[in-house]
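Participant: Before anything else, here's the structure in question.
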Amino acid sequence: MPDLQKETDSSDLESLLKELSNLLIKKNLMLVTAESCTGGLIAATCTELPGSSQWFDRGFVTYTNEAKHDMLGVPVDLIEQHGAVSQQVVEAMAAGAVTKAGNKNRIAISVSGIAGPDGGTSDKPVGTVWVGYADDKGVESKLLQLDGSRADIRQETVEFSVGCALTHLVNY
C-alpha cells in the first residue's frame with residue numbers, strides 16, 4: 001500500500017482519482033466502497049469526477065456494527081471478538097462489499113476507524129484506522145495511525161484509500 005504524503009492537496013487527490021478511474025475502465029473493473037469512519041466520503045469523492053458511473057458501482061455506509069452485519073454480512077461474533085476497528089472486520093467489510101455487489105469485475109475498499117475527537121482507548125487511540133482492499137484475488141488490509149482533527153483523519157483516510165486502490169490496480 002502506498003505511503004501518501006500527510007498533506008495531499010485537492011489537485012493531488014484529483015490526479016490520483018483520474019489515474020484510478022482510467023485504470024478501472026481499462027481493466028473493466030468497478031469500484032465498491034464500504035465505509036464506517038469516513039461516512040461515505042470516499043464514495044462522494046469518487047463521484048465528484050464526471051463520468052464516474054463508468055467505474056464506480058456503489059458505496060455502503062456501515063457506521064454501526066448492525067449495519068456492518070446487515071449490509072455486508074460481517075459476522076457479529078467477529079465484531080464482538082475483535083471490535084469494529086480491526087483488521088478482521090475491515091477485511092470482512094471489503095470481502096462483503098465485493099460479494100454484495102455481485103463479485104464480477106468488482107474491487108472494494110473498506111475503512112473502519114476512530115476519527116475522534118473521543119472514542120479512542122489505550123489499545124486503539126483516536127486516529128487508528130484500518131483500510132481494507134478486496135478483489136477476486138483476495139483480501140488484505142493496512143493499519144494507519146493518523147494525527148489531527150476529525151476532519152483531518154477522515155480526509156487522510158480518503159486519500160490513502162484512493163491511493164491504495166490505485167496501487168493494487170497497477171499490479172492487478
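To be explicit about the labels: the chains of the C-alpha cells are called A, B, and onward in the order shown, and within each one the residues are counted from 1, while ligands get numbers from 1 in the order they are shown.
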So that I can see what lies close to Gly138 in chain A, please list as a list in words the residues with an atom at most 12 Å from it, counting only C-alpha atoms and leaving out residues fewer than 3 positions away in the same chain.
Facilitator: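 My list of contacting residues is Glu91, Ala92, Ala94, Ala95, Gly96, Val98, Asn103, Arg106, Ile107, Ala108, Gly132, Tyr133, Ala134, Asp135, Ser141, His168 and Tyr172 of chain A.
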Participant: Name the residues in contact with Asp118 in chain A at a cut-off of 10 Å, using only C-alpha atoms, excluding same-chain residues fewer than 6 positions from it; report them as a ChimeraX atom specification.
Facilitator: /A:125-127,150
Participant: Tell me, in Å to one decimal, how far CA of Leu41 in chain A is from CA of Gly116 in chain A.
Facilitator: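 The value is 16.0 Å.
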Participant: Show me, as a ChimeraX atom specification, the residues that have an atom within 12 Å of Asn22 in chain A when counting only C-alpha atoms, minus same-chain residues fewer than 4 positions from it.
Facilitator: /A:15-18,26-31,49,51-52,54-56,166,169-170
Participant: Hey, what does DSSP flag as strand (DSSP E) within range 19-164 of chain A? Can you give it to me as a VMD selection string?
Facilitator: chain A and resid 30 to 35 56 to 61 106 to 113 128 to 135 138 to 145
Participant: Could those selected residues go to a file with C-alpha atoms, as a PDB file, in the first residue's frame?
Facilitator:
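Just written: out.pdb:
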```pdb
ATOM      1  CA  MET A  30     -15.902  -1.263 -10.941  1.00  0.00           C
ATOM      2  CA  LEU A  31     -15.092   0.153  -7.501  1.00  0.00           C
ATOM      3  CA  VAL A  32     -17.225  -0.511  -4.447  1.00  0.00           C
ATOM      4  CA  THR A  33     -16.708   1.201  -1.080  1.00  0.00           C
ATOM      5  CA  ALA A  34     -17.625   0.039   2.411  1.00  0.00           C
ATOM      6  CA  GLU A  35     -17.183   2.935   4.812  1.00  0.00           C
ATOM      7  CA  PHE A  56     -17.814   3.481  -9.591  1.00  0.00           C
ATOM      8  CA  ASP A  57     -20.507   0.930  -8.742  1.00  0.00           C
ATOM      9  CA  ARG A  58     -21.787   1.650  -5.241  1.00  0.00           C
ATOM     10  CA  GLY A  59     -20.946   2.624  -1.709  1.00  0.00           C
ATOM     11  CA  PHE A  60     -22.048   1.115   1.574  1.00  0.00           C
ATOM     12  CA  VAL A  61     -22.056   3.392   4.602  1.00  0.00           C
ATOM     13  CA  ARG A 106     -15.538  -5.614  -8.665  1.00  0.00           C
ATOM     14  CA  ILE A 107     -12.849  -4.332  -6.313  1.00  0.00           C
ATOM     15  CA  ALA A 108     -13.614  -2.894  -2.895  1.00  0.00           C
ATOM     16  CA  ILE A 109     -12.073  -0.518  -0.436  1.00  0.00           C
ATOM     17  CA  SER A 110     -13.262  -0.598   3.167  1.00  0.00           C
ATOM     18  CA  VAL A 111     -12.464   1.621   6.138  1.00  0.00           C
ATOM     19  CA  SER A 112     -13.170   1.475   9.846  1.00  0.00           C
ATOM     20  CA  GLY A 113     -11.537   3.730  12.387  1.00  0.00           C
ATOM     21  CA  THR A 128      -6.496   4.385  14.468  1.00  0.00           C
ATOM     22  CA  VAL A 129      -7.883   3.448  11.046  1.00  0.00           C
ATOM     23  CA  TRP A 130      -7.933   0.139   9.202  1.00  0.00           C
ATOM     24  CA  VAL A 131      -8.172   0.233   5.405  1.00  0.00           C
ATOM     25  CA  GLY A 132      -9.152  -2.965   3.617  1.00  0.00           C
ATOM     26  CA  TYR A 133      -8.970  -3.975  -0.018  1.00  0.00           C
ATOM     27  CA  ALA A 134     -10.628  -6.906  -1.785  1.00  0.00           C
ATOM     28  CA  ASP A 135     -10.725  -8.228  -5.325  1.00  0.00           C
ATOM     29  CA  GLY A 138      -8.019 -11.943  -2.152  1.00  0.00           C
ATOM     30  CA  VAL A 139      -8.298  -9.515   0.718  1.00  0.00           C
ATOM     31  CA  GLU A 140      -5.735  -7.500   2.628  1.00  0.00           C
ATOM     32  CA  SER A 141      -5.544  -4.529   4.943  1.00  0.00           C
ATOM     33  CA  LYS A 142      -3.336  -1.823   6.336  1.00  0.00           C
ATOM     34  CA  LEU A 143      -3.313  -0.125   9.725  1.00  0.00           C
ATOM     35  CA  LEU A 144      -2.977   3.655   9.789  1.00  0.00           C
ATOM     36  CA  GLN A 145      -2.159   5.763  12.854  1.00  0.00           C
TER      37      GLN A 145
END
```
Participant: List as a list of chain:residue names the protein and nucleic acid residues near Val76 in chain A, meaning an atom at most 9 Å away when only C-alpha atoms are counted, but skip any in the same chain fewer than 4 places from it.
Facilitator: A:Asn65, A:Glu66, A:Lys68, A:His69, A:Glu80, A:Gln81
Participant: Write the residues of the preceding selection, restricted to N, CA and C atoms, as an mmCIF file, in the first residue's frame.
Facilitator:
```cif
data_model
loop_
_atom_site.group_PDB
_atom_site.id
_atom_site.type_symbol
_atom_site.label_atom_id
_atom_site.label_comp_id
_atom_site.auth_asym_id
_atom_site.auth_seq_id
_atom_site.Cartn_x
_atom_site.Cartn_y
_atom_site.Cartn_z
ATOM 1 N N ASN A 65 -22.270 -1.277 14.016
ATOM 2 C CA ASN A 65 -21.964 -2.698 13.919
ATOM 3 C C ASN A 65 -23.115 -3.449 13.260
ATOM 4 N N GLU A 66 -24.332 -3.063 13.585
ATOM 5 C CA GLU A 66 -25.507 -3.696 12.987
ATOM 6 C C GLU A 66 -25.498 -3.519 11.466
ATOM 7 N N LYS A 68 -22.859 -3.050 9.567
ATOM 8 C CA LYS A 68 -21.779 -3.884 9.020
ATOM 9 C C LYS A 68 -22.272 -5.319 8.826
ATOM 10 N N HIS A 69 -23.023 -5.801 9.804
ATOM 11 C CA HIS A 69 -23.559 -7.162 9.725
ATOM 12 C C HIS A 69 -24.672 -7.258 8.675
ATOM 13 N N GLU A 80 -17.669 -8.687 17.806
ATOM 14 C CA GLU A 80 -17.586 -8.793 19.266
ATOM 15 C C GLU A 80 -16.196 -9.213 19.729
ATOM 16 N N GLN A 81 -15.561 -10.113 18.993
ATOM 17 C CA GLN A 81 -14.248 -10.622 19.381
ATOM 18 C C GLN A 81 -13.130 -9.615 19.142
#
```
Participant: Calculated over only C-alpha atoms, which of the candidates A:Asp147, A:Thr38, A:Ser10, A:Thr167 has the smallest distance to Leu24 in chain A?
Facilitator: A:Thr167
Participant: At what distance in Å, to one decimal, does CA of Lys137 in chain A lie from CA of Thr64 in chain A?
Facilitator: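 Computed distance, CA of Thr64 in chain A to CA of Lys137 in chain A, equals 27.9 Å.
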Participant: Assign secondary structure with DSSP using the backbone only, and return the residues of range 48-110 of chain A in helix (DSSP H, G or I) as a PyMOL selection string.
Facilitator: chain A and resi 52-54+65-72+76-82+87-100
Participant: From the options A:Gly39, A:Asp136, A:Gln87, A:Ala44, which residue's atoms come nearest to Asn105 in chain A, counting only C-alpha atoms?
Facilitator: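 Of the candidates, the smallest distance to Asn105 in chain A is held by A:Asp136.
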Participant: Out of A:Val158, A:Ala84, A:Ala67, A:Met93, which residue has the shortest atom-to-atom distance to Glu14 in chain A when counting only C-alpha atoms?
Facilitator: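 Under the stated criterion, the closest residue is A:Val158.
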Participant: Would you work out the distance separating CA of Gln88 in chain A from CA of Gly40 in chain A, expressed in Å to one decimal?
Facilitator: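 Taking CA of Gln88 in chain A and CA of Gly40 in chain A, their separation equals 20.7 Å.
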